[in-house]
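A.B. asks: A single structure is presented below for examination.
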Amino acid sequence: MKQARSLLPLGWDEEWAEAFPVDAPDAEPGRVVRVDRGLCTVHAASGVVRATYGGILLESIAEDPSSTPCTGDWVVVRHWPDDVRTIEAVLPRRTSVTRAEVTGSSRVQVLAANLDVVAVVAALVPEPVIGKLERLVALAWSSRARPAVLLTKTDLVNDAREIAEDVAAAAPGTDVICCSVVTGQGLDELRALIGPQGTLGLLGPSGAGKSSLVNALVGADTLPTREIRADGRGRHTSVARELVMLPGGGAIVDTPGLRGVGLIDAEQGLASTFGDIEELAGACRFNDCSHTTEPGCAVLAAVEEGTLPVRRLESWRKLRREMARMAARTDARLRREQTRLSKQRTKDARQERRRRTE
Ligand SMILES: Nc1nc2c(ncn2[C@@H]2O[C@H](COP(=O)(O)OP(=O)(O)O)[C@@H](O)[C@H]2O)c(=O)[nH]1
Ligand SMILES: [Mg+2]
Ligand SMILES: [Zn+2]
């Protein structure tokens, strides 16, 4: 623990120290700051180092790609006599923001790990689309970190309160903070939310103001911000996810524009984001009520009474459909793999028989 004192502002604590699997003079803990194709920048106890993947780690990556180090991971760094550094292991993640890998695969990619707060960032101008926010809030919940919503650019609107109230109603149990890097509004509140040892992750489309927030909290221009297009949308550039340390402790991770975010494991997130609907569903007459046409449906009754906005029910349905699609894709992949294996076994058995009769 003593040698890791310099890691305290990055969130190192007793629990991490206990989870650290080795006790050797050439091994030390560190936190991954960024990853560039197999080469990690790690903030280790002894300073910032660059490290490649060690043999054991490569083996476990081959078995399970989600064990690839990502920004925010706590890792074991080994120092070799020739000054080479390798990452030998990734400590079990407390939280992780994941997305499904593109094009039909049901594998997940971990975008950032061990975030304490995951904030969905949306600009007040143009006015945020609640349905899109709800999706990202569900993703934030599914990370197991504390979710928050940051409504940026308050300096551009007369009254942010009404929008903030709509957002708060759509995201129960979530801190909603209105902020501006121009006036400084909300920045103290955000700083307090992170605390001296916490890590904040930012999720949201490009142009929302994420990099500007990082720069405002760091107090220097560390990340490039981009001029916005005339139509108000940000240009798409992919930015490396980088963990930036904050003065006074704590850290912040700016994830790039999350387009096509898949929802694996979002079931839990969905239940939290739509807690009101899940609760109503408990009062439906039928256990397997789909809340579409069934008699005695408490969800439909609430829509009828006007206590549940129909738009909210629609968002919930849309997310459910998306999750069902993802689950089906996972099943299809499993089936394909099973078919391939059983074909291989038949072939092996045939060869074995032939070999015996020869
Ligand atoms: N007026 C105003 N503009 C902002 C604010 N925050 C960011 N912007 C502008 O919005 C644009 C996108 O910001 P940026 O931080 O690059 O967004 P990112 O893509 O989410 O990282 C830039 O032109 C910023 O100057 C704010 O609080 N007020
Ligand atoms: Mg940016
Ligand atoms: Zn129902």
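In the structure tokens, the first chain shown is A, the next is B, and so on; residue numbers restart at 1 for each chain, and ligands run from 1 in the order shown.
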Check which residues fall inside 8 Å of ligand 3 when counting only C-alpha atoms and all ligand atoms, and print them as a list in words.
C.D. replies: Leu280, Ala281, Ala283, Cys284, Arg285, Phe286, Asp288, Cys289, Ser290, His291, Thr292, Glu294, Gly296, Cys297, Ala298, Val299 and Leu300 of chain A
A.B. asks: Just the strand (DSSP E or B) stuff from range 104-133 of chain A, please, per backbone DSSP, written as a list in words.
C.D. replies: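 Put together, the selection reads Val108, Gln109, Val110, Leu111, Ala112, Ala113, Val117, Val118, Ala119, Val120, Val121, Ala122 and Ala123 of chain A.
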A.B. asks: Next, the residues of the selection above should be written as a compact mmCIF listing (two decimals), in the first residue's frame with N, CA, C and O atoms.
C.D. replies:
# COMPACT_ATOMS: atom_id res chain seq x y z
N VAL A 108 -18.72 -8.30 -26.64
CA VAL A 108 -18.74 -6.95 -26.10
C VAL A 108 -17.35 -6.35 -26.10
O VAL A 108 -16.35 -7.04 -26.01
N GLN A 109 -17.34 -5.05 -26.23
CA GLN A 109 -16.10 -4.31 -26.14
C GLN A 109 -16.21 -3.43 -24.91
O GLN A 109 -17.23 -2.76 -24.72
N VAL A 110 -15.21 -3.47 -24.07
CA VAL A 110 -15.26 -2.64 -22.88
C VAL A 110 -14.67 -1.27 -23.23
O VAL A 110 -13.55 -1.17 -23.70
N LEU A 111 -15.45 -0.23 -23.06
CA LEU A 111 -15.00 1.12 -23.44
C LEU A 111 -14.20 1.78 -22.33
O LEU A 111 -13.25 2.49 -22.59
N ALA A 112 -14.61 1.56 -21.11
CA ALA A 112 -13.90 2.16 -19.97
C ALA A 112 -14.27 1.38 -18.72
O ALA A 112 -15.38 0.87 -18.61
N ALA A 113 -13.31 1.29 -17.79
CA ALA A 113 -13.54 0.46 -16.60
C ALA A 113 -13.35 1.27 -15.33
O ALA A 113 -12.67 2.30 -15.32
N VAL A 117 -18.68 7.40 -11.47
CA VAL A 117 -19.86 8.10 -11.96
C VAL A 117 -19.83 8.05 -13.48
O VAL A 117 -18.78 8.30 -14.08
N VAL A 118 -20.94 7.69 -14.10
CA VAL A 118 -21.03 7.76 -15.56
C VAL A 118 -22.06 8.82 -15.89
O VAL A 118 -23.23 8.71 -15.52
N ALA A 119 -21.60 9.88 -16.54
CA ALA A 119 -22.50 10.99 -16.85
C ALA A 119 -22.85 10.99 -18.33
O ALA A 119 -21.97 10.90 -19.19
N VAL A 120 -24.14 11.07 -18.60
CA VAL A 120 -24.60 11.25 -19.96
C VAL A 120 -24.57 12.75 -20.23
O VAL A 120 -25.14 13.53 -19.46
N VAL A 121 -23.87 13.14 -21.28
CA VAL A 121 -23.71 14.56 -21.57
C VAL A 121 -24.58 14.93 -22.77
O VAL A 121 -24.52 14.30 -23.82
N ALA A 122 -25.41 15.96 -22.60
CA ALA A 122 -26.25 16.43 -23.70
C ALA A 122 -26.31 17.95 -23.66
O ALA A 122 -26.38 18.55 -22.59
N ALA A 123 -26.24 18.55 -24.83
CA ALA A 123 -26.33 20.00 -24.90
C ALA A 123 -27.79 20.43 -24.76
O ALA A 123 -28.70 19.68 -25.13
A.B. asks: What's around Phe20 in chain A at 10 Å? Count only C-alpha atoms, leave out sequence neighbours fewer than 4 positions away in its own chain, and write the answer as a list in words.
C.D. replies: Glu14, Glu15, Trp16, Glu28, Pro29, Trp74, Val75, Val76, Ala89, Val90, Leu91 and Pro92 of chain A
A.B. asks: Report as a ChimeraX atom specification all protein, DNA and RNA residues lying within 8 Å of Pro172 in chain A, evaluated on only C-alpha atoms, omitting residues in the same chain fewer than 5 positions from it.
C.D. replies: /A:273-275
A.B. asks: Choose the residue, out of A:Thr152, A:Thr199, A:Thr307, A:Thr98, that has the smallest atom-to-atom separation from ligand 1; count only C-alpha atoms and all ligand atoms.
C.D. replies: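 Distance minimum relative to ligand 1 lands on A:Thr152.
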A.B. asks: Which of range 80-190 of chain A counts as alpha helix (DSSP H) under DSSP, as a count of residues only please?
C.D. replies: 27
A.B. asks: Could you tell me how far CA of Leu203 in chain A lies from CA of Ala140 in chain A, in Å and to one decimal?
C.D. replies: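 Going from CA of Leu203 in chain A over to CA of Ala140 in chain A, I get 8.2 Å.
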A.B. asks: Which residues come within 12 Å of Trp316 in chain A, counting only C-alpha atoms, excluding same-chain residues fewer than 3 positions away, as a ChimeraX atom specification?
C.D. replies: /A:130-132,134-135,138,170,267,269-278,290-291,299,308-313,319-323
A.B. asks: Using C-alpha atoms, can you write the selected residues to a file as a PDB file, in the first residue's frame?
C.D. replies:
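The result, stored in out26.pdb:
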ATOM      1  CA  ILE A 130     -35.440  12.454 -24.319  1.00  0.00           C
ATOM      2  CA  GLY A 131     -35.602   9.019 -25.971  1.00  0.00           C
ATOM      3  CA  LYS A 132     -31.904   9.168 -26.869  1.00  0.00           C
ATOM      4  CA  GLU A 134     -32.949   7.423 -21.872  1.00  0.00           C
ATOM      5  CA  ARG A 135     -30.915   4.955 -23.937  1.00  0.00           C
ATOM      6  CA  ALA A 138     -29.789   2.873 -19.380  1.00  0.00           C
ATOM      7  CA  ALA A 170     -37.299  10.535 -17.546  1.00  0.00           C
ATOM      8  CA  GLU A 267     -31.532  -5.474 -18.451  1.00  0.00           C
ATOM      9  CA  GLY A 269     -30.106  -0.694 -16.390  1.00  0.00           C
ATOM     10  CA  LEU A 270     -33.497  -0.841 -18.020  1.00  0.00           C
ATOM     11  CA  ALA A 271     -35.148  -1.890 -14.791  1.00  0.00           C
ATOM     12  CA  SER A 272     -33.595   1.085 -12.995  1.00  0.00           C
ATOM     13  CA  THR A 273     -34.302   3.659 -15.688  1.00  0.00           C
ATOM     14  CA  PHE A 274     -37.853   2.507 -16.062  1.00  0.00           C
ATOM     15  CA  GLY A 275     -38.429   1.648 -12.422  1.00  0.00           C
ATOM     16  CA  ASP A 276     -41.890   3.217 -12.548  1.00  0.00           C
ATOM     17  CA  ILE A 277     -42.988   0.950 -15.410  1.00  0.00           C
ATOM     18  CA  GLU A 278     -41.509  -2.174 -13.813  1.00  0.00           C
ATOM     19  CA  SER A 290     -47.038  -7.487 -22.479  1.00  0.00           C
ATOM     20  CA  HIS A 291     -48.863  -4.210 -21.668  1.00  0.00           C
ATOM     21  CA  VAL A 299     -49.348   0.025 -17.195  1.00  0.00           C
ATOM     22  CA  LEU A 308     -47.449   7.590 -17.309  1.00  0.00           C
ATOM     23  CA  PRO A 309     -46.488   9.476 -20.487  1.00  0.00           C
ATOM     24  CA  VAL A 310     -47.161   7.277 -23.505  1.00  0.00           C
ATOM     25  CA  ARG A 311     -43.790   8.357 -24.962  1.00  0.00           C
ATOM     26  CA  ARG A 312     -42.103   6.781 -21.980  1.00  0.00           C
ATOM     27  CA  LEU A 313     -43.904   3.499 -22.524  1.00  0.00           C
ATOM     28  CA  LEU A 319     -35.341  -0.758 -25.615  1.00  0.00           C
ATOM     29  CA  ARG A 320     -36.958  -4.126 -24.838  1.00  0.00           C
ATOM     30  CA  ARG A 321     -37.104  -4.961 -28.540  1.00  0.00           C
ATOM     31  CA  GLU A 322     -33.484  -4.016 -29.017  1.00  0.00           C
ATOM     32  CA  MET A 323     -32.422  -6.222 -26.112  1.00  0.00           C
TER      33      MET A 323
END
A.B. asks: Which value, in Å to one decimal, gives the distance between CA of Ala302 in chain A and CA of Lys318 in chain A?
C.D. replies: 18.6 Å
A.B. asks: Using only C-alpha atoms, which of A:Asp116, A:Ser212, A:Val129, A:Glu165 sits nearest Ser315 in chain A?
C.D. replies: A:Val129
A.B. asks: Which of these residues is nearest to Ile87 in chain A, using only C-alpha atoms: A:Asp73, A:Glu162, A:Glu352, A:Glu242?
C.D. replies: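 Among the listed residues, the smallest separation from Ile87 in chain A belongs to A:Asp73.
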